[in-house]
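Colleague: Sharing final_27.tsv, TSV, N, CA and C atoms:
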```
chain	number	residue	atom	x	y	z
A	1	MET	N	38.31	-42.58	163.38
A	1	MET	CA	38.96	-41.32	163.77
A	1	MET	C	38.00	-40.15	163.51
A	2	ILE	N	37.84	-39.29	164.49
A	2	ILE	CA	36.94	-38.16	164.30
A	2	ILE	C	37.73	-36.89	163.99
A	3	THR	N	37.10	-36.00	163.24
A	3	THR	CA	37.76	-34.75	162.82
A	3	THR	C	37.66	-33.72	163.94
A	4	SER	N	38.38	-32.63	163.78
A	4	SER	CA	38.34	-31.57	164.80
A	4	SER	C	36.96	-30.92	164.84
A	5	LYS	N	36.29	-30.84	163.69
A	5	LYS	CA	34.93	-30.28	163.65
A	5	LYS	C	33.96	-31.19	164.43
A	6	GLN	N	34.09	-32.50	164.23
A	6	GLN	CA	33.24	-33.46	164.95
A	6	GLN	C	33.55	-33.43	166.45
A	7	ARG	N	34.84	-33.29	166.79
A	7	ARG	CA	35.25	-33.22	168.19
A	7	ARG	C	34.64	-31.98	168.86
A	8	ALA	N	34.65	-30.86	168.15
A	8	ALA	CA	34.06	-29.62	168.67
A	8	ALA	C	32.55	-29.80	168.88
A	9	TYR	N	31.89	-30.48	167.95
A	9	TYR	CA	30.46	-30.75	168.06
A	9	TYR	C	30.17	-31.60	169.31
A	10	LEU	N	30.99	-32.64	169.51
A	10	LEU	CA	30.82	-33.53	170.67
A	10	LEU	C	31.10	-32.79	171.98
A	11	ARG	N	32.08	-31.89	171.96
A	11	ARG	CA	32.36	-31.09	173.16
A	11	ARG	C	31.15	-30.25	173.53
A	12	GLY	N	30.48	-29.70	172.52
A	12	GLY	CA	29.27	-28.92	172.76
A	12	GLY	C	28.17	-29.77	173.37
A	13	LEU	N	28.00	-30.99	172.86
A	13	LEU	CA	26.98	-31.90	173.41
A	13	LEU	C	27.32	-32.31	174.84
A	14	ALA	N	28.61	-32.49	175.11
A	14	ALA	CA	29.05	-32.97	176.43
A	14	ALA	C	28.98	-31.89	177.50
A	15	HIS	N	28.87	-30.64	177.09
A	15	HIS	CA	28.90	-29.53	178.04
A	15	HIS	C	27.86	-29.68	179.15
A	16	ASN	N	26.65	-30.11	178.80
A	16	ASN	CA	25.57	-30.21	179.79
A	16	ASN	C	25.45	-31.58	180.45
A	17	ILE	N	26.32	-32.50	180.11
A	17	ILE	CA	26.26	-33.85	180.68
A	17	ILE	C	26.97	-33.87	182.04
A	18	GLU	N	26.35	-34.54	183.00
A	18	GLU	CA	26.99	-34.74	184.30
A	18	GLU	C	27.88	-35.99	184.23
A	19	PRO	N	29.01	-35.99	184.96
A	19	PRO	CA	29.85	-37.20	184.99
A	19	PRO	C	29.08	-38.38	185.59
A	20	ILE	N	29.16	-39.54	184.94
A	20	ILE	CA	28.45	-40.71	185.45
A	20	ILE	C	29.39	-41.73	186.09
A	21	PHE	N	30.71	-41.50	185.94
A	21	PHE	CA	31.69	-42.39	186.58
A	21	PHE	C	32.73	-41.55	187.29
A	22	GLN	N	33.33	-42.14	188.33
A	22	GLN	CA	34.41	-41.50	189.04
A	22	GLN	C	35.58	-42.47	189.12
A	23	VAL	N	36.78	-41.97	188.84
A	23	VAL	CA	37.99	-42.78	188.96
A	23	VAL	C	38.71	-42.31	190.21
A	24	GLY	N	38.90	-43.23	191.16
A	24	GLY	CA	39.52	-42.88	192.43
A	24	GLY	C	40.84	-43.58	192.64
A	25	LYS	N	41.12	-43.96	193.89
A	25	LYS	CA	42.43	-44.53	194.22
A	25	LYS	C	42.67	-45.89	193.58
A	26	ASN	N	41.62	-46.60	193.18
A	26	ASN	CA	41.80	-47.89	192.51
A	26	ASN	C	42.21	-47.74	191.05
A	27	GLY	N	42.11	-46.54	190.52
A	27	GLY	CA	42.50	-46.30	189.14
A	27	GLY	C	41.58	-46.99	188.15
A	28	VAL	N	42.14	-47.33	187.00
A	28	VAL	CA	41.36	-47.98	185.95
A	28	VAL	C	41.44	-49.49	186.14
A	29	ASN	N	40.37	-50.08	186.67
A	29	ASN	CA	40.34	-51.52	186.89
A	29	ASN	C	39.37	-52.18	185.89
A	30	PRO	N	39.40	-53.51	185.77
A	30	PRO	CA	38.53	-54.19	184.80
A	30	PRO	C	37.04	-53.93	185.01
A	31	GLU	N	36.60	-53.82	186.27
A	31	GLU	CA	35.18	-53.58	186.54
A	31	GLU	C	34.75	-52.21	186.00
A	32	LEU	N	35.58	-51.20	186.26
A	32	LEU	CA	35.30	-49.85	185.78
A	32	LEU	C	35.28	-49.82	184.25
A	33	THR	N	36.26	-50.49	183.64
A	33	THR	CA	36.35	-50.53	182.18
A	33	THR	C	35.10	-51.17	181.59
A	34	LEU	N	34.63	-52.26	182.17
A	34	LEU	CA	33.42	-52.94	181.69
A	34	LEU	C	32.20	-52.03	181.82
A	35	ALA	N	32.07	-51.36	182.96
A	35	ALA	CA	30.92	-50.47	183.18
A	35	ALA	C	30.94	-49.31	182.19
A	36	ILE	N	32.11	-48.75	181.93
A	36	ILE	CA	32.22	-47.64	180.97
A	36	ILE	C	31.91	-48.13	179.56
A	37	ASP	N	32.36	-49.33	179.24
A	37	ASP	CA	32.08	-49.92	177.92
A	37	ASP	C	30.57	-50.06	177.71
A	38	GLU	N	29.86	-50.54	178.73
A	38	GLU	CA	28.40	-50.69	178.64
A	38	GLU	C	27.71	-49.33	178.53
A	39	ALA	N	28.21	-48.35	179.29
A	39	ALA	CA	27.62	-47.01	179.24
A	39	ALA	C	27.83	-46.36	177.87
A	40	LEU	N	28.98	-46.59	177.27
A	40	LEU	CA	29.24	-46.05	175.93
A	40	LEU	C	28.28	-46.64	174.90
A	41	GLU	N	27.99	-47.93	175.03
A	41	GLU	CA	27.05	-48.57	174.12
A	41	GLU	C	25.66	-47.96	174.28
A	42	ALA	N	25.27	-47.68	175.51
A	42	ALA	CA	23.93	-47.14	175.77
A	42	ALA	C	23.82	-45.65	175.45
A	43	ARG	N	24.87	-44.88	175.78
A	43	ARG	CA	24.77	-43.41	175.69
A	43	ARG	C	25.61	-42.78	174.59
A	44	GLU	N	26.66	-43.45	174.14
A	44	GLU	CA	27.60	-42.99	173.12
A	44	GLU	C	28.57	-41.91	173.62
A	45	LEU	N	28.08	-40.97	174.41
A	45	LEU	CA	28.93	-39.87	174.88
A	45	LEU	C	28.83	-39.82	176.41
A	46	ILE	N	29.96	-39.99	177.09
A	46	ILE	CA	29.94	-39.98	178.56
A	46	ILE	C	31.04	-39.09	179.11
A	47	LYS	N	30.80	-38.61	180.34
A	47	LYS	CA	31.78	-37.79	181.04
A	47	LYS	C	32.20	-38.54	182.30
A	48	ILE	N	33.50	-38.48	182.59
A	48	ILE	CA	34.06	-39.20	183.74
A	48	ILE	C	34.83	-38.20	184.60
A	49	GLN	N	34.63	-38.30	185.90
A	49	GLN	CA	35.31	-37.43	186.87
A	49	GLN	C	36.51	-38.16	187.46
A	50	ILE	N	37.67	-37.50	187.52
A	50	ILE	CA	38.85	-38.06	188.17
A	50	ILE	C	38.91	-37.46	189.57
A	51	LEU	N	38.88	-38.30	190.59
A	51	LEU	CA	38.88	-37.80	191.97
A	51	LEU	C	40.29	-37.40	192.42
A	52	GLN	N	40.35	-36.62	193.50
A	52	GLN	CA	41.64	-36.14	194.03
A	52	GLN	C	42.57	-37.30	194.43
A	53	ASN	N	41.97	-38.42	194.91
A	53	ASN	CA	42.81	-39.52	195.40
A	53	ASN	C	43.28	-40.47	194.29
A	54	CYS	N	43.02	-40.13	193.04
A	54	CYS	CA	43.51	-40.95	191.91
A	54	CYS	C	44.98	-40.59	191.68
A	55	PHE	N	45.83	-41.61	191.62
A	55	PHE	CA	47.27	-41.37	191.49
A	55	PHE	C	47.71	-41.16	190.04
A	56	GLU	N	46.83	-41.45	189.09
A	56	GLU	CA	47.19	-41.31	187.68
A	56	GLU	C	46.77	-39.95	187.15
A	57	ALA	N	47.49	-39.46	186.16
A	57	ALA	CA	47.15	-38.19	185.53
A	57	ALA	C	45.90	-38.38	184.68
A	58	PRO	N	45.02	-37.37	184.60
A	58	PRO	CA	43.80	-37.50	183.80
A	58	PRO	C	44.06	-37.92	182.34
A	59	LYS	N	45.14	-37.41	181.73
A	59	LYS	CA	45.44	-37.78	180.34
A	59	LYS	C	45.77	-39.27	180.23
A	60	ASP	N	46.48	-39.80	181.23
A	60	ASP	CA	46.82	-41.23	181.24
A	60	ASP	C	45.57	-42.08	181.40
A	61	VAL	N	44.67	-41.66	182.29
A	61	VAL	CA	43.41	-42.38	182.51
A	61	VAL	C	42.60	-42.37	181.21
A	62	CYS	N	42.53	-41.21	180.56
A	62	CYS	CA	41.79	-41.08	179.30
A	62	CYS	C	42.37	-42.01	178.23
A	63	GLN	N	43.69	-42.04	178.12
A	63	GLN	CA	44.37	-42.90	177.15
A	63	GLN	C	44.03	-44.38	177.39
A	64	LYS	N	44.14	-44.81	178.65
A	64	LYS	CA	43.85	-46.21	179.00
A	64	LYS	C	42.41	-46.58	178.68
A	65	LEU	N	41.48	-45.71	179.12
A	65	LEU	CA	40.06	-46.02	178.92
A	65	LEU	C	39.69	-46.04	177.45
A	66	SER	N	40.22	-45.10	176.67
A	66	SER	CA	39.87	-45.07	175.25
A	66	SER	C	40.43	-46.29	174.52
A	67	GLU	N	41.62	-46.74	174.91
A	67	GLU	CA	42.19	-47.95	174.30
A	67	GLU	C	41.38	-49.19	174.68
A	68	ARG	N	41.04	-49.32	175.96
A	68	ARG	CA	40.35	-50.52	176.44
A	68	ARG	C	38.90	-50.59	175.98
A	69	THR	N	38.26	-49.44	175.76
A	69	THR	CA	36.85	-49.45	175.34
A	69	THR	C	36.70	-49.17	173.84
A	70	HIS	N	37.82	-49.00	173.14
A	70	HIS	CA	37.82	-48.68	171.70
A	70	HIS	C	36.97	-47.45	171.42
A	71	SER	N	37.14	-46.42	172.26
A	71	SER	CA	36.38	-45.18	172.10
A	71	SER	C	37.32	-44.04	171.73
A	72	GLU	N	36.71	-42.92	171.35
A	72	GLU	CA	37.47	-41.72	170.99
A	72	GLU	C	37.53	-40.77	172.17
A	73	PRO	N	38.74	-40.35	172.57
A	73	PRO	CA	38.79	-39.31	173.60
A	73	PRO	C	38.36	-37.98	172.98
A	74	VAL	N	37.34	-37.35	173.54
A	74	VAL	CA	36.86	-36.08	173.01
A	74	VAL	C	37.63	-34.93	173.65
A	75	GLN	N	37.74	-34.94	174.98
A	75	GLN	CA	38.51	-33.91	175.65
A	75	GLN	C	38.86	-34.30	177.08
A	76	VAL	N	39.91	-33.67	177.57
A	76	VAL	CA	40.31	-33.78	178.97
A	76	VAL	C	40.43	-32.34	179.47
A	77	ILE	N	39.57	-31.96	180.40
A	77	ILE	CA	39.65	-30.63	180.99
A	77	ILE	C	39.77	-30.80	182.50
A	78	GLY	N	40.88	-30.37	183.04
A	78	GLY	CA	41.11	-30.52	184.47
A	78	GLY	C	41.01	-31.97	184.87
A	79	LYS	N	40.03	-32.28	185.70
A	79	LYS	CA	39.86	-33.66	186.18
A	79	LYS	C	38.63	-34.32	185.56
A	80	ARG	N	38.22	-33.85	184.39
A	80	ARG	CA	37.08	-34.45	183.69
A	80	ARG	C	37.49	-34.93	182.31
A	81	ILE	N	36.95	-36.11	181.96
A	81	ILE	CA	37.24	-36.74	180.67
A	81	ILE	C	35.93	-36.94	179.93
A	82	VAL	N	35.94	-36.73	178.63
A	82	VAL	CA	34.76	-37.03	177.80
A	82	VAL	C	35.18	-38.06	176.76
A	83	LEU	N	34.42	-39.17	176.69
A	83	LEU	CA	34.67	-40.23	175.70
A	83	LEU	C	33.47	-40.40	174.80
A	84	TYR	N	33.74	-40.79	173.55
A	84	TYR	CA	32.67	-41.02	172.57
A	84	TYR	C	32.93	-42.31	171.82
A	85	ARG	N	31.85	-43.07	171.63
A	85	ARG	CA	31.90	-44.24	170.75
A	85	ARG	C	30.51	-44.46	170.20
A	86	PRO	N	30.36	-44.52	168.87
A	86	PRO	CA	29.02	-44.76	168.32
A	86	PRO	C	28.48	-46.12	168.75
A	87	SER	N	27.19	-46.17	169.02
A	87	SER	CA	26.54	-47.41	169.43
A	87	SER	C	26.47	-48.37	168.25
A	88	LYS	N	26.68	-49.65	168.52
A	88	LYS	CA	26.57	-50.66	167.46
A	88	LYS	C	25.10	-50.92	167.11
A	89	GLU	N	24.23	-50.83	168.10
A	89	GLU	CA	22.81	-51.16	167.92
A	89	GLU	C	21.97	-49.96	167.50
A	90	LYS	N	22.00	-48.89	168.34
A	90	LYS	CA	21.15	-47.73	168.09
A	90	LYS	C	21.96	-46.46	168.16
A	91	ALA	N	22.55	-46.05	167.06
A	91	ALA	CA	23.32	-44.80	167.05
A	91	ALA	C	22.37	-43.62	167.14
A	92	LYS	N	22.57	-42.76	168.15
A	92	LYS	CA	21.71	-41.60	168.36
A	92	LYS	C	22.36	-40.32	167.87
A	93	ILE	N	23.66	-40.21	168.07
A	93	ILE	CA	24.37	-38.97	167.73
A	93	ILE	C	24.79	-38.98	166.27
A	94	GLN	N	24.34	-37.97	165.54
A	94	GLN	CA	24.75	-37.81	164.14
A	94	GLN	C	25.87	-36.79	164.07
A	95	LEU	N	27.06	-37.24	163.71
A	95	LEU	CA	28.21	-36.33	163.63
A	95	LEU	C	28.16	-35.52	162.34
A	96	PRO	N	28.58	-34.24	162.39
A	96	PRO	CA	28.66	-33.46	161.14
A	96	PRO	C	29.73	-34.05	160.23
A	97	LYS	N	29.59	-33.88	158.95
A	97	LYS	CA	30.54	-34.45	157.99
A	97	LYS	C	31.85	-33.71	157.99
```
Please go through the file and, once you have read it, give me the structure as structure tokens.

Modeller:
Amino acid sequence: MITSKQRAYLRGLAHNIEPIFQVGKNGVNPELTLAIDEALEARELIKIQILQNCFEAPKDVCQKLSERTHSEPVQVIGKRIVLYRPSKEKAKIQLPK
């Protein structure tokens, strides 16, 4: 579980990141979940875009993805989601205490 201070720090880091995944009309499927899981291991912090044709609410998509990838939801703003999970192999992001 991350603190509000750590969440604010991660939001700052995520500000300049471009979304690397898009969730569309297929919603959250196993292939997307696997790809996001691999991206979290490699990058730790990722941004996801929810497209107009997605039938699920961004908060619901964020909840599903964070549960399935065992990651922390950092923020949901409009149609963008930011997820964080420390890498098991090479942790790059040092969170403030």

Colleague: So, with only N, CA and C atoms as the atoms that count, which of A:His70, A:Lys5, A:Arg85, A:Lys92 lies closest to A:Leu45?

Modeller: A:Arg85

Colleague: Figure out the distance between atom CA of A:Thr3 and atom CA of A:Pro96, please, to one decimal in Å.

Modeller: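 Computing the Euclidean distance for atom CA of A:Pro96 and atom CA of A:Thr3 yields 9.3 Å.
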
Colleague: At a cut-off of 7 Å, using only C-alpha atoms, what residues contact A:Cys54? Leave out same-chain residues fewer than 6 positions from it and give the result as a list in words.

Modeller: Val23, Gly24, Lys25 and Gly27 of chain A

Colleague: Identify, on the basis of only C-alpha atoms, every residue whose closest approach to A:Val82 does not exceed 6 Å; exclude the query and any residue fewer than 5 positions from it along the same chain; express the result as a PyMOL selection string.

Modeller: chain A and resi 46-47+74-75

Colleague: By how many Å are atom CA of A:Gln6 and atom CA of A:Pro73 apart?

Modeller: 11.8 Å

Colleague: Rank A:Ser87, A:Thr33, A:Ser4, A:Asn16 by their smallest atom-to-atom distance to A:Leu65, using all atoms listed in the file, and report the top residue only.

Modeller: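 Of all the options, A:Thr33 lies closest to A:Leu65.
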